[in-house]
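K.L.:
Just run_11.csv, nothing more (CSV, C-alpha atoms):
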chain,number,residue,atom,x,y,z
A,721,MET,CA,-25.5,9.1,-28.8
A,722,ASN,CA,-25.6,7.0,-25.7
A,723,THR,CA,-27.9,8.4,-23.1
A,724,ALA,CA,-27.3,5.8,-20.4
A,725,LYS,CA,-26.1,7.3,-17.1
A,726,VAL,CA,-24.3,6.0,-14.2
A,727,LYS,CA,-25.6,6.9,-10.7
A,728,PHE,CA,-22.9,8.0,-8.3
A,729,GLY,CA,-23.3,8.3,-4.6
A,730,VAL,CA,-20.9,10.4,-2.6
A,731,VAL,CA,-20.8,9.6,1.1
A,732,VAL,CA,-20.8,12.5,3.4
A,733,PHE,CA,-19.3,12.0,6.9
A,734,PRO,CA,-18.9,14.7,9.4
A,735,GLY,CA,-15.5,16.1,8.5
A,736,SER,CA,-15.6,15.1,4.8
A,737,ASN,CA,-14.3,18.0,2.7
A,738,CYS,CA,-13.9,16.7,-0.8
A,739,ASP,CA,-17.5,15.5,-1.0
A,740,HIS,CA,-18.6,18.5,-3.0
A,741,ASP,CA,-15.6,18.3,-5.4
A,742,ALA,CA,-16.4,14.6,-6.1
A,743,TYR,CA,-20.1,15.5,-6.6
A,744,TYR,CA,-19.2,18.4,-8.9
A,745,VAL,CA,-17.1,16.3,-11.1
A,746,CYS,CA,-19.6,13.5,-11.4
A,747,LYS,CA,-22.6,15.8,-11.8
A,748,LYS,CA,-21.3,18.8,-13.7
A,749,ILE,CA,-18.3,17.7,-15.6
A,750,PHE,CA,-19.5,14.2,-16.5
A,751,ARG,CA,-23.3,15.0,-16.2
A,752,GLN,CA,-24.0,11.7,-14.5
A,753,ASP,CA,-26.8,11.2,-11.9
A,754,THR,CA,-25.2,12.0,-8.6
A,755,VAL,CA,-26.5,12.0,-5.0
A,756,PHE,CA,-25.0,12.6,-1.6
A,757,LEU,CA,-25.3,9.7,0.9
A,758,TRP,CA,-25.5,10.9,4.5
A,759,HIS,CA,-23.4,8.9,6.9
A,760,LYS,CA,-26.4,8.2,9.2
A,761,GLU,CA,-28.6,6.8,6.5
A,762,ALA,CA,-28.3,3.1,5.8
A,763,ASP,CA,-29.7,3.6,2.3
A,764,LEU,CA,-27.5,3.7,-0.8
A,765,LYS,CA,-30.3,5.0,-3.1
A,766,ASP,CA,-29.6,2.4,-5.8
A,767,VAL,CA,-26.4,4.0,-6.9
A,768,ASP,CA,-24.0,2.2,-9.2
A,769,VAL,CA,-20.8,3.6,-7.7
A,770,VAL,CA,-20.1,4.7,-4.1
A,771,ILE,CA,-17.4,7.3,-3.6
A,772,LEU,CA,-15.9,7.7,-0.2
A,773,PRO,CA,-14.4,11.2,-0.5
A,774,GLY,CA,-11.4,12.8,1.1
A,775,GLY,CA,-11.4,14.8,4.3
A,776,PHE,CA,-11.1,14.2,8.0
A,777,SER,CA,-14.0,12.0,8.9
A,778,TYR,CA,-14.8,12.3,12.6
A,779,GLY,CA,-11.8,14.5,13.0
A,780,ASP,CA,-9.4,11.6,12.3
A,781,TYR,CA,-10.0,10.7,15.9
A,782,LEU,CA,-8.4,7.5,17.1
A,783,ARG,CA,-7.0,6.6,13.7
A,784,CYS,CA,-7.9,8.0,10.2
A,785,GLY,CA,-11.1,6.3,9.1
A,786,ALA,CA,-11.5,4.2,12.3
A,787,ILE,CA,-14.7,5.8,13.5
A,788,ALA,CA,-16.3,6.3,10.0
A,789,ARG,CA,-16.2,2.5,9.6
A,790,PHE,CA,-18.8,2.1,12.2
A,791,SER,CA,-21.3,4.6,10.8
A,792,PRO,CA,-24.6,3.2,9.5
A,793,VAL,CA,-23.9,4.0,5.9
A,794,MET,CA,-20.7,1.9,6.0
A,795,SER,CA,-22.5,-1.3,6.9
A,796,GLU,CA,-24.4,-0.8,3.7
A,797,VAL,CA,-21.3,0.1,1.7
A,798,VAL,CA,-19.6,-3.1,2.9
A,799,ARG,CA,-22.7,-5.2,1.9
A,800,PHE,CA,-22.7,-3.4,-1.4
A,801,ALA,CA,-19.1,-4.1,-2.0
A,802,ASN,CA,-19.4,-7.7,-1.0
A,803,ARG,CA,-22.2,-8.1,-3.6
A,804,GLY,CA,-19.8,-6.7,-6.3
A,805,GLY,CA,-20.8,-3.0,-6.2
A,806,THR,CA,-18.2,-0.5,-7.3
A,807,VAL,CA,-16.6,1.5,-4.5
A,808,LEU,CA,-13.9,4.2,-4.9
A,809,GLY,CA,-12.2,5.5,-1.8
A,810,ILE,CA,-10.1,8.7,-2.2
A,811,CYS,CA,-7.6,9.7,0.4
A,812,ASN,CA,-9.6,9.6,3.7
A,813,GLY,CA,-11.9,7.3,1.7
A,814,PHE,CA,-9.0,4.9,1.1
A,815,GLN,CA,-8.2,5.0,4.9
A,816,ILE,CA,-11.8,4.1,5.6
A,817,LEU,CA,-11.7,1.2,3.2
A,818,LEU,CA,-8.6,-0.2,4.9
A,819,GLU,CA,-10.2,0.2,8.4
A,820,ALA,CA,-13.4,-1.5,7.1
A,821,GLY,CA,-11.3,-4.4,5.9
A,822,LEU,CA,-12.4,-4.0,2.3
A,823,LEU,CA,-8.8,-3.6,1.3
A,824,PRO,CA,-5.6,-4.8,3.0
A,825,GLY,CA,-3.0,-2.7,4.8
A,826,VAL,CA,-2.8,0.6,6.7
A,827,LEU,CA,-1.8,4.2,6.0
A,828,LEU,CA,0.7,5.4,8.4
A,829,ARG,CA,1.9,8.9,9.2
A,830,ASN,CA,4.0,10.3,6.3
A,831,ALA,CA,7.6,9.4,6.7
A,832,SER,CA,8.5,13.1,6.6
A,833,LEU,CA,5.9,13.8,9.3
A,834,GLN,CA,4.7,16.7,7.1
A,835,PHE,CA,1.3,17.2,5.5
A,836,VAL,CA,2.0,16.8,1.8
A,837,CYS,CA,-0.1,18.9,-0.6
A,838,LYS,CA,1.2,18.9,-4.2
A,839,PHE,CA,0.9,17.4,-7.7
A,840,VAL,CA,2.5,14.0,-8.0
A,841,ASN,CA,3.0,11.6,-10.8
A,842,ILE,CA,1.4,8.2,-10.6
A,843,ARG,CA,2.1,5.4,-13.0
A,844,VAL,CA,-0.8,3.1,-13.9
A,845,GLU,CA,0.3,-0.4,-13.0
A,846,ASN,CA,-2.9,-2.1,-13.8
A,847,ALA,CA,-5.0,-0.7,-16.7
A,848,GLY,CA,-7.4,-3.7,-16.5
A,849,THR,CA,-9.6,-2.5,-13.7
A,850,ARG,CA,-12.9,-0.8,-14.1
A,851,PHE,CA,-11.3,2.3,-12.5
A,852,THR,CA,-8.4,2.5,-15.0
A,853,ASN,CA,-9.4,0.8,-18.3
A,854,GLY,CA,-9.4,4.1,-20.0
A,855,CYS,CA,-5.7,4.4,-19.3
A,856,THR,CA,-2.8,2.4,-20.7
A,857,GLU,CA,-0.4,0.4,-18.6
A,858,GLY,CA,2.7,2.4,-17.7
A,859,GLU,CA,0.9,5.7,-18.4
A,860,VAL,CA,1.8,8.5,-16.0
A,861,LEU,CA,-1.0,10.6,-14.6
A,862,GLN,CA,-0.5,14.0,-12.9
A,863,ILE,CA,-2.8,14.1,-9.9
A,864,PRO,CA,-2.5,16.0,-6.6
A,865,VAL,CA,-2.1,14.5,-3.2
A,866,ALA,CA,-3.1,16.2,0.1
A,867,HIS,CA,-2.6,14.1,3.2
A,868,GLY,CA,-0.6,13.7,6.4
A,869,GLU,CA,-1.2,9.9,6.7
A,870,GLY,CA,-0.7,8.3,3.3
A,871,ASN,CA,2.3,6.1,4.0
A,872,TYR,CA,1.0,2.7,2.8
A,873,PHE,CA,2.1,-0.3,4.7
A,874,VAL,CA,1.4,-4.0,4.6
A,875,ASP,CA,3.3,-7.1,5.8
A,876,HIS,CA,5.6,-8.9,3.4
A,877,ASP,CA,3.2,-11.7,2.6
A,878,THR,CA,0.4,-9.3,1.7
A,879,LEU,CA,2.7,-7.2,-0.4
A,880,LYS,CA,3.6,-10.3,-2.3
A,881,HIS,CA,0.0,-11.2,-2.7
A,882,LEU,CA,-0.7,-7.7,-4.1
A,883,GLU,CA,2.2,-7.9,-6.5
A,884,ASP,CA,1.5,-11.5,-7.7
A,885,ASN,CA,-2.2,-10.7,-8.3
A,886,ASN,CA,-1.6,-7.4,-10.0
A,887,LEU,CA,-3.6,-5.6,-7.3
A,888,ILE,CA,-1.4,-2.5,-7.2
A,889,VAL,CA,-3.2,0.0,-9.4
A,890,PHE,CA,-1.0,3.1,-9.1
A,891,LYS,CA,2.6,3.8,-8.0
A,892,TYR,CA,4.2,7.1,-7.3
A,893,SER,CA,6.7,7.7,-10.1
A,894,ASP,CA,8.7,10.5,-11.7
A,895,ALA,CA,7.3,12.2,-14.8
A,896,ASP,CA,8.9,9.5,-17.0
A,897,GLY,CA,7.3,6.7,-15.0
A,898,ARG,CA,10.4,5.7,-13.1
A,899,ILE,CA,9.6,4.4,-9.6
A,900,THR,CA,12.1,6.2,-7.4
A,901,ASP,CA,12.4,7.2,-3.7
A,902,SER,CA,12.4,10.8,-4.6
A,903,ALA,CA,9.1,10.4,-6.4
A,904,ASN,CA,7.5,8.9,-3.3
A,905,PRO,CA,5.8,11.7,-1.3
A,906,ASN,CA,5.0,9.8,1.9
A,907,GLY,CA,7.2,6.8,2.3
A,908,SER,CA,4.7,4.3,1.0
A,909,LEU,CA,5.9,0.7,0.7
A,910,ALA,CA,6.9,0.0,-2.9
A,911,ASN,CA,5.7,3.5,-3.9
A,912,ILE,CA,2.1,2.3,-3.7
A,913,ALA,CA,-0.5,5.0,-4.3
A,914,GLY,CA,-3.6,2.9,-5.0
A,915,ILE,CA,-4.7,-0.7,-4.8
A,916,VAL,CA,-7.7,-2.8,-5.9
A,917,ASN,CA,-9.3,-5.8,-4.2
A,918,GLN,CA,-9.1,-9.3,-5.7
A,919,GLU,CA,-12.6,-9.1,-7.1
A,920,GLY,CA,-11.8,-5.8,-8.9
A,921,ASN,CA,-14.7,-3.8,-7.6
A,922,VAL,CA,-13.1,-1.8,-4.7
A,923,THR,CA,-10.3,0.6,-5.2
A,924,GLY,CA,-8.6,3.0,-2.8
A,925,MET,CA,-6.1,5.7,-3.8
A,926,MET,CA,-4.4,8.6,-2.0
A,927,PRO,CA,-4.2,11.0,-4.9
A,928,HIS,CA,-7.3,13.1,-5.6
A,929,PRO,CA,-8.6,12.5,-9.2
A,930,GLU,CA,-11.6,14.9,-8.5
A,931,ARG,CA,-9.1,17.8,-8.1
A,932,ALA,CA,-7.7,17.2,-11.5
A,933,SER,CA,-10.9,16.8,-13.6
A,934,ASP,CA,-12.2,20.3,-14.4
A,935,PRO,CA,-10.6,21.8,-17.6
A,936,LEU,CA,-10.9,25.2,-16.0
A,937,LEU,CA,-8.2,24.1,-13.6
A,938,ARG,CA,-6.0,22.9,-16.5
A,939,HIS,CA,-5.2,19.5,-15.1
A,940,ILE,CA,-7.6,16.8,-16.3
A,941,ASP,CA,-5.8,13.5,-15.8
A,942,GLY,CA,-8.2,12.7,-13.0
A,943,GLN,CA,-11.0,12.5,-15.6
A,944,LYS,CA,-9.5,9.2,-16.8
A,945,ILE,CA,-10.6,7.5,-13.7
A,946,PHE,CA,-14.1,8.8,-13.7
A,947,ARG,CA,-14.4,8.1,-17.5
A,948,SER,CA,-13.1,4.5,-17.0
A,949,LEU,CA,-15.7,3.9,-14.4
A,950,ILE,CA,-18.6,5.4,-16.4
A,951,GLU,CA,-17.6,3.5,-19.5
A,952,SER,CA,-17.2,0.2,-17.8
A,953,ILE,CA,-20.5,0.4,-15.9
A,954,ILE,CA,-22.5,1.6,-18.9
A,955,SER,CA,-21.0,-1.1,-21.1
A,956,ARG,CA,-21.8,-3.7,-18.5
A,957,VAL,CA,-25.4,-2.6,-18.4
A,958,GLU,CA,-25.9,-1.9,-22.1
A,959,GLY,CA,-23.4,-4.2,-23.6
A,960,ASP,CA,-22.1,-1.4,-25.8
A,961,VAL,CA,-19.3,1.0,-25.1
A,962,PRO,CA,-19.8,4.7,-25.7
A,963,THR,CA,-16.7,6.6,-26.9
A,964,TYR,CA,-14.9,8.9,-24.7
A,965,ALA,CA,-16.2,11.8,-26.7
A,966,GLU,CA,-19.8,10.8,-25.8
A,967,ILE,CA,-19.1,10.7,-22.1
A,968,GLY,CA,-18.7,14.0,-20.3
A,969,ARG,CA,-19.1,16.2,-23.3
A,970,SER,CA,-22.8,15.8,-23.9
B,318,MET,CA,-17.2,-1.5,38.2
B,319,TYR,CA,-13.8,-1.9,36.7
B,320,LEU,CA,-11.3,0.5,35.2
B,321,SER,CA,-9.4,-0.6,32.1
B,322,LYS,CA,-6.1,1.2,31.4
B,323,ILE,CA,-5.1,0.5,27.9
B,324,ARG,CA,-1.9,1.3,26.0
B,325,VAL,CA,-1.8,1.1,22.2
B,326,THR,CA,1.6,1.2,20.7
B,327,LEU,CA,3.0,0.8,17.2
B,328,ARG,CA,4.3,-2.7,16.5
B,329,LYS,CA,8.0,-3.1,16.7
B,330,SER,CA,8.3,-3.7,13.0
B,331,ILE,CA,6.7,-0.4,12.1
B,332,LEU,CA,8.8,2.7,11.8
B,333,ASP,CA,7.6,5.4,14.1
B,334,PRO,CA,8.5,8.8,12.5
B,335,GLN,CA,6.8,10.7,15.3
B,336,GLY,CA,9.0,8.9,17.9
B,337,LYS,CA,12.0,9.6,15.8
B,338,ALA,CA,11.2,13.3,15.7
B,339,VAL,CA,10.9,13.4,19.5
B,340,GLU,CA,14.1,11.5,19.8
B,341,HIS,CA,15.9,14.1,17.7
B,342,ALA,CA,14.4,16.8,19.9
B,343,ILE,CA,15.7,15.0,23.0
B,344,GLY,CA,19.1,14.9,21.4
B,345,SER,CA,19.0,18.7,21.0
B,346,LEU,CA,18.3,19.1,24.7
B,347,GLY,CA,21.9,17.9,25.0
B,348,LEU,CA,20.9,14.8,27.0
B,349,LEU,CA,22.9,11.7,26.4
B,350,GLY,CA,21.8,8.1,26.5
B,351,VAL,CA,18.2,8.6,25.6
B,352,GLY,CA,16.9,6.7,22.5
B,353,GLU,CA,14.4,4.4,20.8
B,354,VAL,CA,11.5,6.7,21.5
B,355,ARG,CA,8.2,5.1,20.6
B,356,MET,CA,4.9,7.0,20.7
B,357,GLY,CA,1.6,5.5,21.6
B,358,LYS,CA,-1.9,6.1,23.0
B,359,TYR,CA,-3.2,5.8,26.5
B,360,ILE,CA,-6.9,5.1,26.9
B,361,GLU,CA,-9.0,4.6,30.0
B,362,LEU,CA,-12.5,3.2,30.1
B,363,LYS,CA,-14.9,2.0,32.8
B,364,VAL,CA,-16.5,-1.4,32.4
B,365,ASP,CA,-19.6,-2.4,34.3
B,366,SER,CA,-19.1,-6.2,34.6
B,367,ARG,CA,-19.9,-9.0,37.0
B,368,ASN,CA,-16.3,-9.9,37.5
B,369,GLU,CA,-12.8,-9.3,36.4
B,370,THR,CA,-12.8,-11.9,33.7
B,371,ALA,CA,-15.9,-10.4,32.1
B,372,ALA,CA,-14.3,-6.9,32.2
B,373,ARG,CA,-11.2,-8.3,30.7
B,374,ASN,CA,-13.1,-10.0,27.8
B,375,THR,CA,-15.0,-6.8,27.1
B,376,THR,CA,-11.8,-4.7,27.1
B,377,GLU,CA,-10.2,-7.2,24.8
B,378,GLU,CA,-13.0,-7.0,22.4
B,379,VAL,CA,-13.0,-3.1,22.4
B,380,CYS,CA,-9.2,-3.2,21.8
B,381,LYS,CA,-9.4,-5.7,19.0
B,382,LYS,CA,-12.4,-4.2,17.2
B,383,LEU,CA,-11.8,-0.5,17.6
B,384,LEU,CA,-8.9,0.9,19.7
B,385,ALA,CA,-6.0,-0.9,17.9
B,386,ASN,CA,-5.4,-1.8,14.3
B,387,PRO,CA,-3.6,-5.1,14.4
B,388,VAL,CA,-1.8,-4.4,11.2
B,389,MET,CA,0.2,-1.7,12.8
B,390,GLU,CA,-0.5,-1.7,16.5
B,391,ASP,CA,-0.3,-3.8,19.7
B,392,TYR,CA,-2.3,-3.2,22.8
B,393,HIS,CA,-1.8,-4.0,26.5
B,394,PHE,CA,-4.1,-3.3,29.4
B,395,GLU,CA,-4.5,-3.6,33.1
B,396,ILE,CA,-7.8,-3.9,34.9
B,397,GLU,CA,-8.4,-2.3,38.2
B,398,LYS,CA,-11.4,-2.9,40.5
B,399,LEU,CA,-13.1,0.3,41.4
B,400,PRO,CA,-14.4,0.7,45.0
Mind turning this structure into structure tokens?

P.N.:
Amino acid sequence: MNTAKVKFGVVVFPGSNCDHDAYYVCKKIFRQDTVFLWHKEADLKDVDVVILPGGFSYGDYLRCGAIARFSPVMSEVVRFANRGGTVLGICNGFQILLEAGLLPGVLLRNASLQFVCKFVNIRVENAGTRFTNGCTEGEVLQIPVAHGEGNYFVDHDTLKHLEDNNLIVFKYSDADGRITDSANPNGSLANIAGIVNQEGNVTGMMPHPERASDPLLRHIDGQKIFRSLIESIISRVEGDVPTYAEIGRS
Amino acid sequence: MYLSKIRVTLRKSILDPQGKAVEHAIGSLGLLGVGEVRMGKYIELKVDSRNETAARNTTEEVCKKLLANPVMEDYHFEIEKLP
């Protein structure tokens, strides 16, 4: 039995509303060390993984994520990321990562102009990241989205860079993994639902894995992302990989 | 003291669904010849600078670093000297 634990830090901005869900999944479902990181504190408390949760940080004023980027905790998160620390941005957290320049692109208003809140299918495009190595390439996960501004956009050259370097982690697909317009909930360029940086330590995604991780809620595909993270971080520290059964069921 | 009047608009290459929706609404007013609606933001701020060049530079910096996201937005501004 492997007893090593990963320490998660969930950042709390004024207006975050998925912070407790993320905390709950890390702490109660996976039984990992988990702390909240208050936006005014420039101290990451020695965490292994920083989660920027969903919500409406600073009321989405100016642009989603634009103000959060200037909070004291974010200077530390940027430093942490630049040193190779693991950062996962979910929904508003993804928007913040883009505004902070840790990932390329922007998230525009949904093409439909509607707030979209539903389960979507996302296909794993890159199963080699520390966020997805418990998945298989081409695997389809069912995870909900809930956003008004999730329409991913980058210029042509950056898109090519993302594609050539396998930096697109998830794409919206149908249940069979086909990338179609009708499976795209928000108009995202190339059906992009999540990307990773070149170094592989920062990922942003619009779908909410923390909302599909508690077996009580019946959908648990989101667990694969947390499991992948826990497994890759523990194996990096300890040099041995615990089985899925050992993680989260202790 | 100077007043900066800043307009932030979506870049031409970016689809503006909000503008499109407004355009449709204008269409349903029964008015003809109105089109290509683009939405944007208008921001005013006061800058306490020695001269207009300094006010312009400060405004430029605020626009670049905060008010506009260059991936999707352009900005334009005018500077007015306050009495």

K.L.:
Select residues of chain A: the criterion is any atom within 9 Å of an atom of chain B, counting all atoms listed in the file; output as a PyMOL selection string.

P.N.:
chain A and resi 782-783+786-787+819+825-826+828-833+873-875

K.L.:
Atom CA of A:Arg803 and atom CA of A:Arg956 are how many Å apart?

P.N.:
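Atom CA of A:Arg956 lies at a distance of 15.5 Å from atom CA of A:Arg803.
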
K.L.:
Pick out the closest residue to B:Arg373 from this set: B:Ile396, B:Ile360, B:Ala342, B:Val351. Count only C-alpha atoms.

P.N.:
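Looking at the shortest contact to B:Arg373, the residue is B:Ile396.
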
K.L.:
If you measure from atom CA of A:Val730 to atom CA of A:Pro773, what distance in Å do you get, rounded to one decimal?

P.N.:
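Straight-line distance from atom CA of A:Val730 to atom CA of A:Pro773 works out to 6.9 Å.
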
K.L.:
So how far away is atom CA of A:Thr754 from atom CA of A:Gly729, in Å?

P.N.:
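The value is 5.8 Å.
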
K.L.:
Compare B:Val364, B:Gly357, B:Thr370, B:Gly347 by their minimum atom-to-atom distance to B:Arg328, counting only C-alpha atoms, and give me the closest one.

P.N.:
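Using only C-alpha atoms, B:Arg328 sits closest to B:Gly357.
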
K.L.:
Given the choices B:Ala372, B:Met356, B:Ile343, B:Leu327, which gets closest to B:Leu399 if the distance is worked out from only C-alpha atoms?

P.N.:
B:Ala372

K.L.:
Once you count all atoms listed in the file, which residues end up no further than 10 Å from (-14.6, 5.0, 10.0) in the file's frame, shown as an NGL selection string?

P.N.:
(:A and (733 or 777-778 or 780-791 or 794 or 812-813 or 815-820)) or (:B and (383))

K.L.:
Go ahead and save the residues from that selection, with C-alpha atoms, as a PDB file, in the coordinates of the input.

P.N.:
ATOM      1  CA  PHE A 733     -19.300  12.000   6.900  1.00  0.00           C
ATOM      2  CA  SER A 777     -14.000  12.000   8.900  1.00  0.00           C
ATOM      3  CA  TYR A 778     -14.800  12.300  12.600  1.00  0.00           C
ATOM      4  CA  ASP A 780      -9.400  11.600  12.300  1.00  0.00           C
ATOM      5  CA  TYR A 781     -10.000  10.700  15.900  1.00  0.00           C
ATOM      6  CA  LEU A 782      -8.400   7.500  17.100  1.00  0.00           C
ATOM      7  CA  ARG A 783      -7.000   6.600  13.700  1.00  0.00           C
ATOM      8  CA  CYS A 784      -7.900   8.000  10.200  1.00  0.00           C
ATOM      9  CA  GLY A 785     -11.100   6.300   9.100  1.00  0.00           C
ATOM     10  CA  ALA A 786     -11.500   4.200  12.300  1.00  0.00           C
ATOM     11  CA  ILE A 787     -14.700   5.800  13.500  1.00  0.00           C
ATOM     12  CA  ALA A 788     -16.300   6.300  10.000  1.00  0.00           C
ATOM     13  CA  ARG A 789     -16.200   2.500   9.600  1.00  0.00           C
ATOM     14  CA  PHE A 790     -18.800   2.100  12.200  1.00  0.00           C
ATOM     15  CA  SER A 791     -21.300   4.600  10.800  1.00  0.00           C
ATOM     16  CA  MET A 794     -20.700   1.900   6.000  1.00  0.00           C
ATOM     17  CA  ASN A 812      -9.600   9.600   3.700  1.00  0.00           C
ATOM     18  CA  GLY A 813     -11.900   7.300   1.700  1.00  0.00           C
ATOM     19  CA  GLN A 815      -8.200   5.000   4.900  1.00  0.00           C
ATOM     20  CA  ILE A 816     -11.800   4.100   5.600  1.00  0.00           C
ATOM     21  CA  LEU A 817     -11.700   1.200   3.200  1.00  0.00           C
ATOM     22  CA  LEU A 818      -8.600  -0.200   4.900  1.00  0.00           C
ATOM     23  CA  GLU A 819     -10.200   0.200   8.400  1.00  0.00           C
ATOM     24  CA  ALA A 820     -13.400  -1.500   7.100  1.00  0.00           C
TER      25      ALA A 820
ATOM     26  CA  LEU B 383     -11.800  -0.500  17.600  1.00  0.00           C
TER      27      LEU B 383
END

K.L.:
Give me the residues near stretch 878-885 of chain A as a ChimeraX atom specification, where near means some atom within 9 Å (using all atoms listed in the file) and where sequence neighbours in that chain fewer than 6 positions away do not count.

P.N.:
/A:824-825,909-910,915-918

K.L.:
Just checking: using all atoms listed in the file, which residue out of B:Val354, B:Lys381, B:Lys363, B:Thr375 ends up closest to B:Glu397?

P.N.:
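Closest residue, counting all atoms listed in the file: B:Lys363.
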
K.L.:
Could you name the residues that touch A:Gly914 at 8 Å or less, counting only C-alpha atoms, but leaving out those on the same chain fewer than 2 positions away, as a JSON list (two decimals) with C-alpha atoms, keeping the file's coordinate frame?

P.N.:
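So part.json came out as:
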[["chain", "number", "residue", "atom", "x", "y", "z"],
["A", 888, "ILE", "CA", -1.40, -2.50, -7.20],
["A", 889, "VAL", "CA", -3.20, 0.00, -9.40],
["A", 890, "PHE", "CA", -1.00, 3.10, -9.10],
["A", 891, "LYS", "CA", 2.60, 3.80, -8.00],
["A", 912, "ILE", "CA", 2.10, 2.30, -3.70],
["A", 916, "VAL", "CA", -7.70, -2.80, -5.90],
["A", 923, "THR", "CA", -10.30, 0.60, -5.20],
["A", 924, "GLY", "CA", -8.60, 3.00, -2.80],
["A", 925, "MET", "CA", -6.10, 5.70, -3.80],
["A", 926, "MET", "CA", -4.40, 8.60, -2.00]]

K.L.:
Which neighbours of A:Asp934 fall inside 10 Å, counting only C-alpha atoms, when residues of the same chain fewer than 2 positions from it are skipped, and could you give them as an MDAnalysis selection string?

P.N.:
chainID A and resid 741 744:745 748:750 930:932 936:943

K.L.:
Looking at all atoms listed in the file, which of A:Gly735, A:Pro792, A:Pro927, A:Gly920 is the one that sits closest to A:Leu757?

P.N.:
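Looking at the shortest contact to A:Leu757, the residue is A:Pro792.
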
K.L.:
Please provide as a list in words all residues within 10 Å of B:Gly352, with the sequence filter that same-chain residues fewer than 3 positions apart are discarded (counting only C-alpha atoms).

P.N.:
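Final neighbour list, sorted by chain and number: Gly336, Lys337, Val339, Glu340, His341, Ile343, Gly344, Leu349 and Arg355 of chain B.
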
K.L.:
Counting only C-alpha atoms, find the residues whose atoms lie at most 7 Å from (-14.4, 3.6, -2.9) (file coordinates) and write them out as a ChimeraX atom specification.

P.N.:
/A:770-772,807-810,813-814,922-924
